[in-house]
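Worksheet: one structure, shown below.
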Amino acid sequence: MTPNRFEEGELRFDFDGTWTVSKWDDSNAYRQGIQRLEGTKAVDFVCVRDTPGGNQSVFIEVKDFRKEPARNKRRIETELPQEVAEKVRDTLSGLAGAHVSRRTEDWQPWLAFVSQRRNPYVVLWMEEVPPFPGHGNRQVWEQRAKAHGTTLVQQLKKRVSWLTKRVCVYSTKGGGGLPGLQVSNLPGAGSPP
């Protein structure tokens, strides 16, 4: 894998050179640190992106619900915003602890960008079976899917408002995304088990 290429589940994340990325939930600092506290959660990626306006910190949580859409419908609608918010909270605590205890890596750059007055971004990268397949024409379906995503963003914003108002939900099918980041499916992604 290239230094800025990561696989998470059935997705490949390719970050360009403007990104500094750590797979936080796989890091020694997380596993040997705050994860020891039962019930602690972690986002998938802790990132800093170099932008013309200055550096920006980004927390990315990845969810892929394509294999069991019926089973995950309730979770997406009711539990997911709280789960992501808890992961962001616990990640910030873990980063602070890792920095203070000097665990394996220097986490100070991430903490510095979070502590600046620039709000970090919280990104939920979520893959799911289209919520309204086969109903009407594509334009109607896209409008319904957009409304579904907007509701999820609003719920997540409420739960992370103590930290930031910058919340986004992206997918490989949704268009848009983060500058300098390409996300693609691994072979066989989304296939039923």
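A note on labels: chains of the structure tokens are A, B, ... as shown, every chain counts residues from 1, and ligands are counted from 1 in their shown order.
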Do a neighbour search on A:Trp125 at 12 Å with only C-alpha atoms, toss out local chain neighbours closer than 6 positions, and write the hits as JSON, numbers by chain. {"A": [8, 9, 11, 12, 13, 43, 44, 45, 59, 60, 61, 62, 63, 64, 65, 80, 84, 149, 152, 153, 167, 168, 169, 170, 171, 172, 173, 174, 175, 176, 177, 178, 181, 182, 183, 184]}
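Of the residues listed (A:Leu124, A:Ala96, A:Val88, A:Cys47), A:Cys47 shows the shortest atom-to-atom separation from A:Gly17; distances use only C-alpha atoms.
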Between atom CA of A:Phe15 and atom CA of A:Val46 - distance in Å to one decimal: 12.2 Å
